[in-house]
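Visitor: For reference, this is upload_7.cif, and it has mmCIF, C-alpha atoms.
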data_coords
loop_
_atom_site.group_PDB
_atom_site.id
_atom_site.type_symbol
_atom_site.label_atom_id
_atom_site.label_comp_id
_atom_site.auth_asym_id
_atom_site.auth_seq_id
_atom_site.Cartn_x
_atom_site.Cartn_y
_atom_site.Cartn_z
ATOM 1 C CA MET I 1 0.000 0.000 0.000
ATOM 2 C CA ARG I 2 1.369 3.396 -0.998
ATOM 3 C CA LYS I 3 2.060 5.784 1.857
ATOM 4 C CA ILE I 4 0.996 9.345 1.052
ATOM 5 C CA LEU I 5 1.672 12.418 3.148
ATOM 6 C CA ILE I 6 -0.580 15.375 2.380
ATOM 7 C CA THR I 7 0.089 18.893 3.645
ATOM 8 C CA GLY I 8 -2.661 21.417 4.340
ATOM 9 C CA ALA I 9 -4.966 18.563 5.313
ATOM 10 C CA ASN I 10 -7.839 20.846 6.358
ATOM 11 C CA GLY I 11 -8.057 22.424 2.914
ATOM 12 C CA PHE I 12 -10.879 22.153 0.372
ATOM 13 C CA PHE I 13 -9.122 19.575 -1.797
ATOM 14 C CA ALA I 14 -6.980 17.811 0.818
ATOM 15 C CA SER I 15 -9.807 17.080 3.272
ATOM 16 C CA ARG I 16 -11.866 15.429 0.524
ATOM 17 C CA PHE I 17 -8.867 13.551 -0.860
ATOM 18 C CA TYR I 18 -8.259 11.993 2.544
ATOM 19 C CA GLU I 19 -11.869 10.876 3.035
ATOM 20 C CA TYR I 20 -12.029 9.459 -0.494
ATOM 21 C CA TYR I 21 -8.771 7.464 -0.374
ATOM 22 C CA LYS I 22 -8.254 6.720 3.335
ATOM 23 C CA ASN I 23 -9.062 3.041 2.836
ATOM 24 C CA LYS I 24 -7.029 2.663 -0.351
ATOM 25 C CA TYR I 25 -3.776 4.348 0.666
ATOM 26 C CA ASP I 26 -1.883 4.793 3.919
ATOM 27 C CA ILE I 27 -2.499 8.537 4.164
ATOM 28 C CA ILE I 28 -0.832 10.862 6.657
ATOM 29 C CA PRO I 29 -2.908 14.079 6.663
ATOM 30 C CA LEU I 30 -1.000 16.946 8.284
ATOM 31 C CA THR I 31 -2.643 20.255 9.136
ATOM 32 C CA LYS I 32 -0.846 23.561 9.575
ATOM 33 C CA LYS I 33 -0.641 22.944 13.331
ATOM 34 C CA GLN I 34 0.989 19.571 12.738
ATOM 35 C CA LEU I 35 3.321 20.722 9.963
ATOM 36 C CA ASP I 36 4.358 24.336 9.538
ATOM 37 C CA VAL I 37 6.013 24.147 6.137
ATOM 38 C CA THR I 38 7.784 27.474 6.666
ATOM 39 C CA ASN I 39 9.964 25.789 9.313
ATOM 40 C CA GLU I 40 12.631 24.053 7.236
ATOM 41 C CA LYS I 41 14.205 21.905 9.942
ATOM 42 C CA ASN I 42 10.883 20.723 11.319
ATOM 43 C CA THR I 43 9.444 20.054 7.861
ATOM 44 C CA VAL I 44 12.395 17.939 6.768
ATOM 45 C CA GLU I 45 12.406 15.996 10.037
ATOM 46 C CA ILE I 46 8.673 15.224 9.907
ATOM 47 C CA ILE I 47 8.881 14.047 6.293
ATOM 48 C CA LYS I 48 11.871 11.875 7.183
ATOM 49 C CA GLU I 49 10.032 10.413 10.180
ATOM 50 C CA CYS I 50 6.853 9.684 8.196
ATOM 51 C CA ASN I 51 8.864 8.328 5.244
ATOM 52 C CA PRO I 52 6.081 8.546 2.625
ATOM 53 C CA ASP I 53 6.305 7.308 -0.939
ATOM 54 C CA ILE I 54 4.528 10.434 -2.201
ATOM 55 C CA VAL I 55 3.996 13.897 -0.737
ATOM 56 C CA ILE I 56 1.034 15.885 -2.039
ATOM 57 C CA HIS I 57 1.787 19.492 -1.189
ATOM 58 C CA THR I 58 -1.431 21.485 -0.946
ATOM 59 C CA ALA I 59 -0.592 23.818 1.953
ATOM 60 C CA ALA I 60 -0.532 27.364 0.624
ATOM 61 C CA MET I 61 -1.798 30.897 0.995
ATOM 62 C CA THR I 62 -4.382 30.788 -1.790
ATOM 63 C CA ALA I 63 -6.698 33.795 -1.391
ATOM 64 C CA THR I 64 -5.703 36.257 -4.105
ATOM 65 C CA LYS I 65 -6.535 39.348 -2.037
ATOM 66 C CA ASP I 66 -4.677 38.064 1.033
ATOM 67 C CA CYS I 67 -1.598 37.482 -1.110
ATOM 68 C CA GLU I 68 -1.811 40.994 -2.568
ATOM 69 C CA ASP I 69 -2.222 42.536 0.891
ATOM 70 C CA ASN I 70 0.567 40.444 2.454
ATOM 71 C CA PRO I 71 3.173 39.817 -0.265
ATOM 72 C CA SER I 72 6.032 38.899 2.083
ATOM 73 C CA ILE I 73 3.906 36.350 3.958
ATOM 74 C CA SER I 74 2.642 34.840 0.693
ATOM 75 C CA GLU I 75 6.232 34.437 -0.515
ATOM 76 C CA TYR I 76 7.267 32.854 2.760
ATOM 77 C CA VAL I 77 4.399 30.354 2.738
ATOM 78 C CA ASN I 78 4.087 29.600 -0.977
ATOM 79 C CA ILE I 79 7.739 29.714 -2.033
ATOM 80 C CA THR I 80 9.849 28.993 1.049
ATOM 81 C CA GLY I 81 7.316 26.466 2.356
ATOM 82 C CA SER I 82 7.268 24.599 -0.952
ATOM 83 C CA LYS I 83 11.060 24.526 -1.100
ATOM 84 C CA ASN I 84 11.158 23.050 2.407
ATOM 85 C CA VAL I 85 8.745 20.287 1.441
ATOM 86 C CA ALA I 86 10.827 19.539 -1.662
ATOM 87 C CA LYS I 87 13.956 19.341 0.490
ATOM 88 C CA GLY I 88 12.258 16.835 2.757
ATOM 89 C CA CYS I 89 11.274 14.760 -0.268
ATOM 90 C CA SER I 90 14.811 14.867 -1.643
ATOM 91 C CA VAL I 91 16.276 13.537 1.598
ATOM 92 C CA ILE I 92 14.218 10.325 1.504
ATOM 93 C CA GLY I 93 13.699 10.067 -2.265
ATOM 94 C CA ALA I 94 9.947 10.622 -2.035
ATOM 95 C CA LYS I 95 7.932 11.694 -5.065
ATOM 96 C CA MET I 96 6.103 15.004 -4.894
ATOM 97 C CA ILE I 97 2.885 16.435 -6.307
ATOM 98 C CA PHE I 98 2.792 20.221 -6.208
ATOM 99 C CA LEU I 99 -0.545 21.952 -6.709
ATOM 100 C CA SER I 100 0.027 25.109 -8.723
ATOM 101 C CA THR I 101 -2.513 27.397 -10.386
ATOM 102 C CA GLU I 102 -4.001 28.686 -13.604
ATOM 103 C CA GLN I 103 -3.015 32.152 -12.392
ATOM 104 C CA VAL I 104 0.504 31.664 -13.741
ATOM 105 C CA TYR I 105 -1.056 32.646 -17.104
ATOM 106 C CA ASN I 106 -3.047 35.577 -15.731
ATOM 107 C CA GLY I 107 -0.982 38.382 -17.257
ATOM 108 C CA ASN I 108 -0.608 37.013 -20.795
ATOM 109 C CA LYS I 109 -1.618 39.503 -23.473
ATOM 110 C CA ASN I 110 -2.479 36.867 -26.047
ATOM 111 C CA PRO I 111 -5.817 35.132 -25.460
ATOM 112 C CA GLY I 112 -5.990 31.558 -24.202
ATOM 113 C CA PRO I 113 -6.443 28.725 -23.954
ATOM 114 C CA TYR I 114 -2.841 28.190 -22.905
ATOM 115 C CA TYR I 115 -0.590 25.165 -23.255
ATOM 116 C CA GLU I 116 2.225 24.223 -20.891
ATOM 117 C CA GLU I 117 4.686 25.383 -23.556
ATOM 118 C CA ASP I 118 3.241 28.922 -23.501
ATOM 119 C CA CYS I 119 5.276 31.375 -21.469
ATOM 120 C CA PRO I 120 3.606 31.932 -18.072
ATOM 121 C CA ASN I 121 3.156 35.572 -17.111
ATOM 122 C CA PRO I 122 1.408 35.964 -13.755
ATOM 123 C CA ASN I 123 0.193 39.417 -12.739
ATOM 124 C CA THR I 124 -1.187 38.462 -9.315
ATOM 125 C CA GLN I 125 0.955 37.932 -6.242
ATOM 126 C CA TYR I 126 -0.543 34.480 -5.800
ATOM 127 C CA GLY I 127 0.319 33.502 -9.372
ATOM 128 C CA LYS I 128 3.835 34.914 -9.030
ATOM 129 C CA THR I 129 4.556 32.962 -5.852
ATOM 130 C CA LYS I 130 3.256 29.728 -7.346
ATOM 131 C CA LEU I 131 5.333 30.112 -10.503
ATOM 132 C CA GLU I 132 8.482 30.853 -8.503
ATOM 133 C CA ALA I 133 7.737 27.857 -6.289
ATOM 134 C CA GLU I 134 7.498 25.674 -9.408
ATOM 135 C CA THR I 135 10.932 26.887 -10.503
ATOM 136 C CA GLU I 136 12.566 26.414 -7.096
ATOM 137 C CA ILE I 137 11.101 22.942 -6.536
ATOM 138 C CA LYS I 138 12.511 21.706 -9.856
ATOM 139 C CA LYS I 139 15.970 22.842 -8.729
ATOM 140 C CA ILE I 140 15.703 20.596 -5.676
ATOM 141 C CA ILE I 141 14.059 17.401 -6.975
ATOM 142 C CA ASP I 142 13.407 15.794 -10.337
ATOM 143 C CA ASN I 143 10.655 13.383 -9.289
ATOM 144 C CA VAL I 144 7.860 15.966 -9.114
ATOM 145 C CA TRP I 145 4.514 16.435 -10.834
ATOM 146 C CA ILE I 146 3.399 20.063 -11.037
ATOM 147 C CA LEU I 147 -0.353 20.362 -11.570
ATOM 148 C CA ARG I 148 -1.648 23.766 -12.613
ATOM 149 C CA LEU I 149 -5.225 23.675 -11.368
ATOM 150 C CA THR I 150 -8.354 25.511 -12.440
ATOM 151 C CA TRP I 151 -10.919 26.923 -9.997
ATOM 152 C CA LEU I 152 -12.369 23.974 -8.056
ATOM 153 C CA PHE I 153 -16.038 23.728 -7.147
ATOM 154 C CA GLY I 154 -18.035 21.460 -4.887
ATOM 155 C CA PHE I 155 -20.548 21.219 -2.070
ATOM 156 C CA PRO I 156 -20.249 21.612 1.709
ATOM 157 C CA GLU I 157 -19.408 18.328 3.430
ATOM 158 C CA ARG I 158 -19.225 17.148 7.007
ATOM 159 C CA PHE I 159 -15.476 16.540 6.933
ATOM 160 C CA GLY I 160 -14.549 19.014 4.205
ATOM 161 C CA LYS I 161 -13.796 22.709 4.187
ATOM 162 C CA ILE I 162 -15.897 24.811 1.816
ATOM 163 C CA ASN I 163 -14.251 27.483 -0.315
ATOM 164 C CA SER I 164 -15.752 30.183 -2.460
ATOM 165 C CA ASN I 165 -16.733 28.470 -5.712
ATOM 166 C CA ILE I 166 -19.196 28.885 -8.562
ATOM 167 C CA ILE I 167 -21.877 26.454 -7.312
ATOM 168 C CA TRP I 168 -21.727 27.515 -3.684
ATOM 169 C CA ASN I 169 -21.739 31.237 -4.575
ATOM 170 C CA VAL I 170 -24.910 30.780 -6.632
ATOM 171 C CA MET I 171 -26.556 28.739 -3.865
ATOM 172 C CA ILE I 172 -25.740 31.396 -1.273
ATOM 173 C CA ALA I 173 -27.395 33.968 -3.534
ATOM 174 C CA LEU I 174 -30.465 31.713 -3.674
ATOM 175 C CA LEU I 175 -30.607 31.178 0.077
ATOM 176 C CA LYS I 176 -30.152 34.853 0.877
ATOM 177 C CA ASN I 177 -32.270 35.974 -2.076
ATOM 178 C CA GLU I 178 -29.534 38.452 -2.908
ATOM 179 C CA ARG I 179 -28.226 39.539 -6.280
ATOM 180 C CA VAL I 180 -24.600 38.677 -7.018
ATOM 181 C CA LYS I 181 -22.285 39.993 -9.732
ATOM 182 C CA PHE I 182 -20.496 37.571 -12.047
ATOM 183 C CA PRO I 183 -18.006 38.922 -14.608
ATOM 184 C CA LEU I 184 -18.874 38.711 -18.292
ATOM 185 C CA ASN I 185 -15.233 39.257 -19.281
ATOM 186 C CA GLU I 186 -13.660 36.432 -17.277
ATOM 187 C CA TYR I 187 -12.952 33.038 -18.868
ATOM 188 C CA ARG I 188 -11.518 30.174 -16.836
ATOM 189 C CA GLY I 189 -11.813 26.463 -16.353
ATOM 190 C CA MET I 190 -13.821 25.261 -13.358
ATOM 191 C CA THR I 191 -13.394 21.692 -12.162
ATOM 192 C CA TYR I 192 -15.592 19.585 -9.904
ATOM 193 C CA VAL I 193 -13.326 18.690 -6.995
ATOM 194 C CA TYR I 194 -14.112 14.956 -7.197
ATOM 195 C CA ASP I 195 -13.223 14.898 -10.890
ATOM 196 C CA LEU I 196 -9.766 16.032 -9.778
ATOM 197 C CA ILE I 197 -9.640 13.618 -6.841
ATOM 198 C CA THR I 198 -10.526 10.578 -8.976
ATOM 199 C CA ALA I 199 -7.943 11.630 -11.562
ATOM 200 C CA ILE I 200 -5.034 12.639 -9.365
ATOM 201 C CA ASN I 201 -4.011 9.112 -8.337
ATOM 202 C CA LYS I 202 -3.495 8.375 -12.036
ATOM 203 C CA THR I 203 -0.694 10.944 -12.074
ATOM 204 C CA PHE I 204 1.373 8.617 -9.881
ATOM 205 C CA ASP I 205 2.191 6.603 -12.996
ATOM 206 C CA ILE I 206 2.780 9.286 -15.638
ATOM 207 C CA PRO I 207 6.087 11.019 -16.501
ATOM 208 C CA TYR I 208 7.233 13.766 -14.158
ATOM 209 C CA GLY I 209 6.593 17.276 -15.411
ATOM 210 C CA THR I 210 4.213 20.228 -15.502
ATOM 211 C CA TYR I 211 0.584 19.665 -16.473
ATOM 212 C CA ASN I 212 -2.432 21.899 -17.035
ATOM 213 C CA THR I 213 -5.037 20.087 -14.954
ATOM 214 C CA GLY I 214 -8.816 20.236 -14.878
ATOM 215 C CA SER I 215 -11.889 20.977 -16.944
ATOM 216 C CA GLU I 216 -11.654 23.066 -20.073
ATOM 217 C CA ASN I 217 -14.191 25.854 -20.523
ATOM 218 C CA ASN I 218 -14.800 28.591 -23.104
ATOM 219 C CA LEU I 219 -17.797 30.210 -21.399
ATOM 220 C CA SER I 220 -17.664 33.331 -19.240
ATOM 221 C CA THR I 221 -18.057 33.134 -15.483
ATOM 222 C CA TYR I 222 -21.420 34.888 -15.892
ATOM 223 C CA ASP I 223 -22.575 32.241 -18.386
ATOM 224 C CA ILE I 224 -21.521 29.446 -16.033
ATOM 225 C CA ALA I 225 -23.443 31.010 -13.127
ATOM 226 C CA CYS I 226 -26.526 31.084 -15.360
ATOM 227 C CA ILE I 227 -26.025 27.425 -16.270
ATOM 228 C CA VAL I 228 -25.999 26.476 -12.573
ATOM 229 C CA LEU I 229 -29.481 27.958 -12.156
ATOM 230 C CA LYS I 230 -30.742 26.478 -15.430
ATOM 231 C CA GLU I 231 -29.593 23.003 -14.446
ATOM 232 C CA MET I 232 -31.412 23.372 -11.143
ATOM 233 C CA GLY I 233 -34.618 24.218 -13.000
ATOM 234 C CA LEU I 234 -34.464 27.825 -11.840
ATOM 235 C CA GLU I 235 -33.850 29.615 -15.126
ATOM 236 C CA ASN I 236 -36.637 32.043 -14.215
ATOM 237 C CA ARG I 237 -34.513 33.314 -11.273
ATOM 238 C CA ILE I 238 -31.499 34.336 -13.365
ATOM 239 C CA GLY I 239 -32.633 37.937 -13.740
ATOM 240 C CA ASP I 240 -33.451 38.160 -10.029
ATOM 241 C CA LEU I 241 -30.151 36.835 -8.728
ATOM 242 C CA ILE I 242 -27.389 37.034 -11.323
ATOM 243 C CA ILE I 243 -25.986 40.435 -12.311
ATOM 244 C CA LYS I 244 -24.041 40.607 -15.566
ATOM 245 C CA ASP I 245 -20.883 42.490 -14.542
ATOM 246 C CA LYS I 246 -19.669 44.141 -17.754
ATOM 247 C CA GLU I 247 -17.195 46.506 -16.094
ATOM 248 C CA ARG I 248 -14.842 44.087 -14.382
ATOM 249 C CA TYR I 249 -11.978 43.167 -16.725
ATOM 250 C CA ARG I 250 -13.566 45.366 -19.418
ATOM 251 C CA GLU I 251 -10.224 46.838 -20.486
ATOM 252 C CA HIS I 252 -8.681 43.426 -20.915
ATOM 253 C CA ASN I 253 -10.437 40.071 -20.574
ATOM 254 C CA ARG I 254 -9.279 37.900 -17.719
ATOM 255 C CA ASP I 255 -8.441 34.780 -19.668
ATOM 256 C CA LEU I 256 -7.193 31.829 -17.588
ATOM 257 C CA ARG I 257 -8.304 29.052 -19.935
ATOM 258 C CA MET I 258 -5.942 26.108 -20.214
ATOM 259 C CA LYS I 259 -5.683 23.161 -22.610
ATOM 260 C CA ASN I 260 -5.095 19.830 -20.903
ATOM 261 C CA THR I 261 -3.936 18.029 -24.054
ATOM 262 C CA LYS I 262 -0.742 16.865 -22.345
ATOM 263 C CA LEU I 263 -2.701 15.013 -19.655
ATOM 264 C CA LYS I 264 -5.087 13.559 -22.228
ATOM 265 C CA LYS I 265 -2.123 11.978 -23.976
ATOM 266 C CA CYS I 266 -1.358 10.268 -20.654
ATOM 267 C CA GLY I 267 -4.900 8.889 -20.484
ATOM 268 C CA ILE I 268 -6.247 11.415 -17.958
ATOM 269 C CA GLU I 269 -9.343 13.266 -19.149
ATOM 270 C CA PHE I 270 -11.827 15.673 -17.591
ATOM 271 C CA ALA I 271 -15.367 16.606 -18.512
ATOM 272 C CA THR I 272 -15.796 20.201 -19.635
ATOM 273 C CA THR I 273 -17.025 22.617 -16.984
ATOM 274 C CA GLU I 274 -20.499 22.663 -18.537
ATOM 275 C CA GLU I 275 -20.632 18.861 -18.681
ATOM 276 C CA ALA I 276 -19.528 18.580 -15.048
ATOM 277 C CA LEU I 277 -22.233 21.001 -13.945
ATOM 278 C CA LYS I 278 -24.905 19.103 -15.852
ATOM 279 C CA ASN I 279 -23.747 15.856 -14.247
ATOM 280 C CA LEU I 280 -24.335 17.474 -10.839
ATOM 281 C CA THR I 281 -27.865 18.728 -11.535
ATOM 282 C CA ILE I 282 -29.600 16.300 -9.164
ATOM 283 C CA ASN I 283 -27.072 16.908 -6.399
ATOM 284 C CA CYS I 284 -27.399 20.685 -6.765
ATOM 285 C CA SER I 285 -31.186 20.625 -6.508
ATOM 286 C CA HIS I 286 -31.174 18.126 -3.632
ATOM 287 C CA LEU I 287 -28.602 20.107 -1.655
ATOM 288 C CA PHE I 288 -30.426 23.382 -2.187
ATOM 289 C CA ASN I 289 -33.690 21.858 -0.935
ATOM 290 C CA LEU I 290 -31.919 20.569 2.185
ATOM 291 C CA LEU I 291 -30.333 23.948 2.839
ATOM 292 C CA LEU I 292 -33.672 25.657 2.360
ATOM 293 C CA LEU I 293 -35.259 23.249 4.848
ATOM 294 C CA PHE I 294 -32.541 23.953 7.414
ATOM 295 C CA ARG I 295 -33.057 27.673 6.924
ATOM 296 C CA VAL I 296 -36.815 27.341 7.555
ATOM 297 C CA LEU I 297 -36.228 25.181 10.646
ATOM 298 C CA TYR I 298 -33.720 27.702 11.979
ATOM 299 C CA VAL I 299 -36.193 30.578 11.565
ATOM 300 C CA LEU I 300 -38.928 28.562 13.303
ATOM 301 C CA ILE I 301 -36.642 27.721 16.228
ATOM 302 C CA VAL I 302 -35.691 31.389 16.613
ATOM 303 C CA ILE I 303 -39.384 32.399 16.598
ATOM 304 C CA ILE I 304 -40.355 29.727 19.148
ATOM 305 C CA LEU I 305 -37.514 30.590 21.514
#
Before we go any further, please render this structure as structure tokens.

Guide:
Amino acid sequence: MRKILITGANGFFASRFYEYYKNKYDIIPLTKKQLDVTNEKNTVEIIKECNPDIVIHTAAMTATKDCEDNPSISEYVNITGSKNVAKGCSVIGAKMIFLSTEQVYNGNKNPGPYYEEDCPNPNTQYGKTKLEAETEIKKIIDNVWILRLTWLFGFPERFGKINSNIIWNVMIALLKNERVKFPLNEYRGMTYVYDLITAINKTFDIPYGTYNTGSENNLSTYDIACIVLKEMGLENRIGDLIIKDKERYREHNRDLRMKNTKLKKCGIEFATTEEALKNLTINCSHLFNLLLLFRVLYVLIVIIL
């Protein structure tokens, strides 16, 4: 049985990965409290002690605004922390999966979709730190898979953290009956988190390297938000809840689209974002009805008390 150490175990992806594979692999899930990746000595010692076959490094400062507001901290966590994990892997000969981001392409002037061979040009602090981390890791170890991920989406779960994502943002708008802006001039892949989880173990057997990873998508973020409501049978609520934001990125489209042709050649394929959303129609509607029920029960309890 493969032994896998995963950093940032409380995160959106990592928490679900652990629950999904805990009976298939010997997984060591380490939270920030258990493994502070910015501490080089401690990180190397813990990796040596655990002696995993593979380290999946997910721990990172991921919120774009937080990275912009705290550039030195983001560099320390995303670059230095990643280098420390790579050093630990190099000591014991462990393989490493590094989760990078579509934002390495964020500043490109030419429109996407982008291939791995295209020159990355990040214009966000988050994207810059991830790209530099990619470069530094490859200086330390050769046995590494770098996965440049799209925006992940999924539902709240008992054992899983929930992040801001396209489905959850639309559902929150529904529950609160509030209008939410979605940019018309933003184009990016969006991947169902379990599509990534069921695919990522296949990377253990492909050549080391850098891969664009996740669902391809040529629709705007606004269009995708509309599709979520349509697939839930709530097309009539689009005008009430979804605001077409024409101003954001008006001067220059935010184009983060990636082609995952390289992974396809390795036998790893993803549904398109639209296909993934349509596959989740029943789950979306069921979850929304449950949330609505909980909201009603909460209001009744408050009234009674």

Visitor: Go through range 203-299 of chain I and flag each residue having an atom no more than 7 Å from range 105-109 of chain I; for those, report the closest pair of atoms plus their distance in Å to one decimal, using all atoms listed in the file, ordered by chain and rising number, as JSON lines.

Guide:
{"residue": "I:Arg254", "atom": "CA", "partner": "I:Asn106", "partner_atom": "CA", "distance": 6.9}
{"residue": "I:Asp255", "atom": "CA", "partner": "I:Asn106", "partner_atom": "CA", "distance": 6.7}
{"residue": "I:Leu256", "atom": "CA", "partner": "I:Asn106", "partner_atom": "CA", "distance": 5.9}

Visitor: Write out, as a tab-separated table (two decimals), keeping the file's coordinate frame, the residues just selected, with C-alpha atoms.

Guide:
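again.tsv, written as the output of this step:
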chain	number	residue	atom	x	y	z
I	254	ARG	CA	-9.28	37.90	-17.72
I	255	ASP	CA	-8.44	34.78	-19.67
I	256	LEU	CA	-7.19	31.83	-17.59

Visitor: By how many Å are CA of Pro52 in chain I and CA of Ala94 in chain I apart?

Guide: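 We find that CA of Pro52 in chain I and CA of Ala94 in chain I lie 6.4 Å from each other.
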
Visitor: Convert the output of the PyMOL selection byres ((chain I and resi 149) around 6) on the shown file into explicit residues, formatted as a list in words.

Guide: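 On this input, the PyMOL selection byres ((chain I and resi 149) around 6) captures Thr101, Glu102, Leu147, Arg148, Thr150 and Thr213 of chain I.
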
Visitor: As an exercise, work out the distance from CA of Asn42 in chain I to CA of Ser15 in chain I in Å and give it to one decimal place.

Guide: 22.5 Å

Visitor: Between CA of Cys89 in chain I and CA of Ile141 in chain I, what is the distance, to one decimal in Å?

Guide: 7.7 Å

Visitor: As a PDB file, in the coordinates of the input, please: range 179-186 of chain I completed to all heavy atoms.

Guide:
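So the final result, stored in rebuild_0.pdb, reads:
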ATOM      1  N   ARG I 179     -28.809  39.501  -4.947  1.00  0.00           N
ATOM      2  CA  ARG I 179     -28.226  39.539  -6.280  1.00  0.00           C
ATOM      3  C   ARG I 179     -26.696  39.545  -6.167  1.00  0.00           C
ATOM      4  O   ARG I 179     -26.124  40.216  -5.315  1.00  0.00           O
ATOM      5  CB  ARG I 179     -28.700  40.769  -7.054  1.00  0.00           C
ATOM      6  CG  ARG I 179     -30.211  40.877  -7.180  1.00  0.00           C
ATOM      7  CD  ARG I 179     -30.602  41.994  -8.116  1.00  0.00           C
ATOM      8  NE  ARG I 179     -30.424  41.593  -9.506  1.00  0.00           N
ATOM      9  CZ  ARG I 179     -30.340  42.462 -10.525  1.00  0.00           C
ATOM     10  NH1 ARG I 179     -30.370  43.761 -10.285  1.00  0.00           N
ATOM     11  NH2 ARG I 179     -30.197  42.017 -11.754  1.00  0.00           N
ATOM     12  N   VAL I 180     -26.057  38.794  -7.040  1.00  0.00           N
ATOM     13  CA  VAL I 180     -24.600  38.677  -7.018  1.00  0.00           C
ATOM     14  C   VAL I 180     -24.047  38.952  -8.409  1.00  0.00           C
ATOM     15  O   VAL I 180     -24.610  38.516  -9.411  1.00  0.00           O
ATOM     16  CB  VAL I 180     -24.175  37.264  -6.562  1.00  0.00           C
ATOM     17  CG1 VAL I 180     -22.650  37.134  -6.560  1.00  0.00           C
ATOM     18  CG2 VAL I 180     -24.730  36.955  -5.181  1.00  0.00           C
ATOM     19  N   LYS I 181     -22.933  39.684  -8.454  1.00  0.00           N
ATOM     20  CA  LYS I 181     -22.285  39.993  -9.732  1.00  0.00           C
ATOM     21  C   LYS I 181     -21.368  38.853 -10.159  1.00  0.00           C
ATOM     22  O   LYS I 181     -20.626  38.302  -9.349  1.00  0.00           O
ATOM     23  CB  LYS I 181     -21.450  41.271  -9.623  1.00  0.00           C
ATOM     24  CG  LYS I 181     -22.260  42.548  -9.505  1.00  0.00           C
ATOM     25  CD  LYS I 181     -21.315  43.755  -9.484  1.00  0.00           C
ATOM     26  CE  LYS I 181     -22.087  45.060  -9.443  1.00  0.00           C
ATOM     27  NZ  LYS I 181     -21.160  46.238  -9.446  1.00  0.00           N
ATOM     28  N   PHE I 182     -21.429  38.519 -11.450  1.00  0.00           N
ATOM     29  CA  PHE I 182     -20.496  37.571 -12.047  1.00  0.00           C
ATOM     30  C   PHE I 182     -19.950  38.193 -13.317  1.00  0.00           C
ATOM     31  O   PHE I 182     -20.717  38.674 -14.155  1.00  0.00           O
ATOM     32  CB  PHE I 182     -21.193  36.240 -12.358  1.00  0.00           C
ATOM     33  CG  PHE I 182     -21.567  35.457 -11.146  1.00  0.00           C
ATOM     34  CD1 PHE I 182     -22.819  35.601 -10.565  1.00  0.00           C
ATOM     35  CD2 PHE I 182     -20.669  34.573 -10.563  1.00  0.00           C
ATOM     36  CE1 PHE I 182     -23.170  34.889  -9.438  1.00  0.00           C
ATOM     37  CE2 PHE I 182     -21.014  33.848  -9.425  1.00  0.00           C
ATOM     38  CZ  PHE I 182     -22.268  34.007  -8.862  1.00  0.00           C
ATOM     39  N   PRO I 183     -18.607  38.211 -13.476  1.00  0.00           N
ATOM     40  CA  PRO I 183     -18.006  38.922 -14.608  1.00  0.00           C
ATOM     41  C   PRO I 183     -18.283  38.288 -15.963  1.00  0.00           C
ATOM     42  O   PRO I 183     -18.177  37.071 -16.125  1.00  0.00           O
ATOM     43  CB  PRO I 183     -16.508  38.906 -14.287  1.00  0.00           C
ATOM     44  CG  PRO I 183     -16.325  37.790 -13.326  1.00  0.00           C
ATOM     45  CD  PRO I 183     -17.596  37.659 -12.557  1.00  0.00           C
ATOM     46  N   LEU I 184     -18.635  39.145 -16.915  1.00  0.00           N
ATOM     47  CA  LEU I 184     -18.874  38.711 -18.292  1.00  0.00           C
ATOM     48  C   LEU I 184     -17.559  38.540 -19.040  1.00  0.00           C
ATOM     49  O   LEU I 184     -17.490  37.810 -20.037  1.00  0.00           O
ATOM     50  CB  LEU I 184     -19.760  39.731 -19.006  1.00  0.00           C
ATOM     51  CG  LEU I 184     -20.188  39.435 -20.439  1.00  0.00           C
ATOM     52  CD1 LEU I 184     -21.091  38.206 -20.490  1.00  0.00           C
ATOM     53  CD2 LEU I 184     -20.907  40.636 -21.048  1.00  0.00           C
ATOM     54  N   ASN I 185     -16.508  39.226 -18.561  1.00  0.00           N
ATOM     55  CA  ASN I 185     -15.233  39.257 -19.281  1.00  0.00           C
ATOM     56  C   ASN I 185     -14.161  38.377 -18.641  1.00  0.00           C
ATOM     57  O   ASN I 185     -12.969  38.592 -18.847  1.00  0.00           O
ATOM     58  CB  ASN I 185     -14.722  40.698 -19.366  1.00  0.00           C
ATOM     59  CG  ASN I 185     -15.720  41.607 -20.060  1.00  0.00           C
ATOM     60  OD1 ASN I 185     -16.176  41.318 -21.157  1.00  0.00           O
ATOM     61  ND2 ASN I 185     -16.080  42.709 -19.417  1.00  0.00           N
ATOM     62  N   GLU I 186     -14.592  37.385 -17.871  1.00  0.00           N
ATOM     63  CA  GLU I 186     -13.660  36.432 -17.277  1.00  0.00           C
ATOM     64  C   GLU I 186     -13.933  35.044 -17.855  1.00  0.00           C
ATOM     65  O   GLU I 186     -15.073  34.589 -17.894  1.00  0.00           O
ATOM     66  CB  GLU I 186     -13.822  36.392 -15.759  1.00  0.00           C
ATOM     67  CG  GLU I 186     -12.895  35.381 -15.076  1.00  0.00           C
ATOM     68  CD  GLU I 186     -13.111  35.320 -13.577  1.00  0.00           C
ATOM     69  OE1 GLU I 186     -14.212  34.905 -13.149  1.00  0.00           O
ATOM     70  OE2 GLU I 186     -12.177  35.691 -12.844  1.00  0.00           O
TER      71      GLU I 186
END
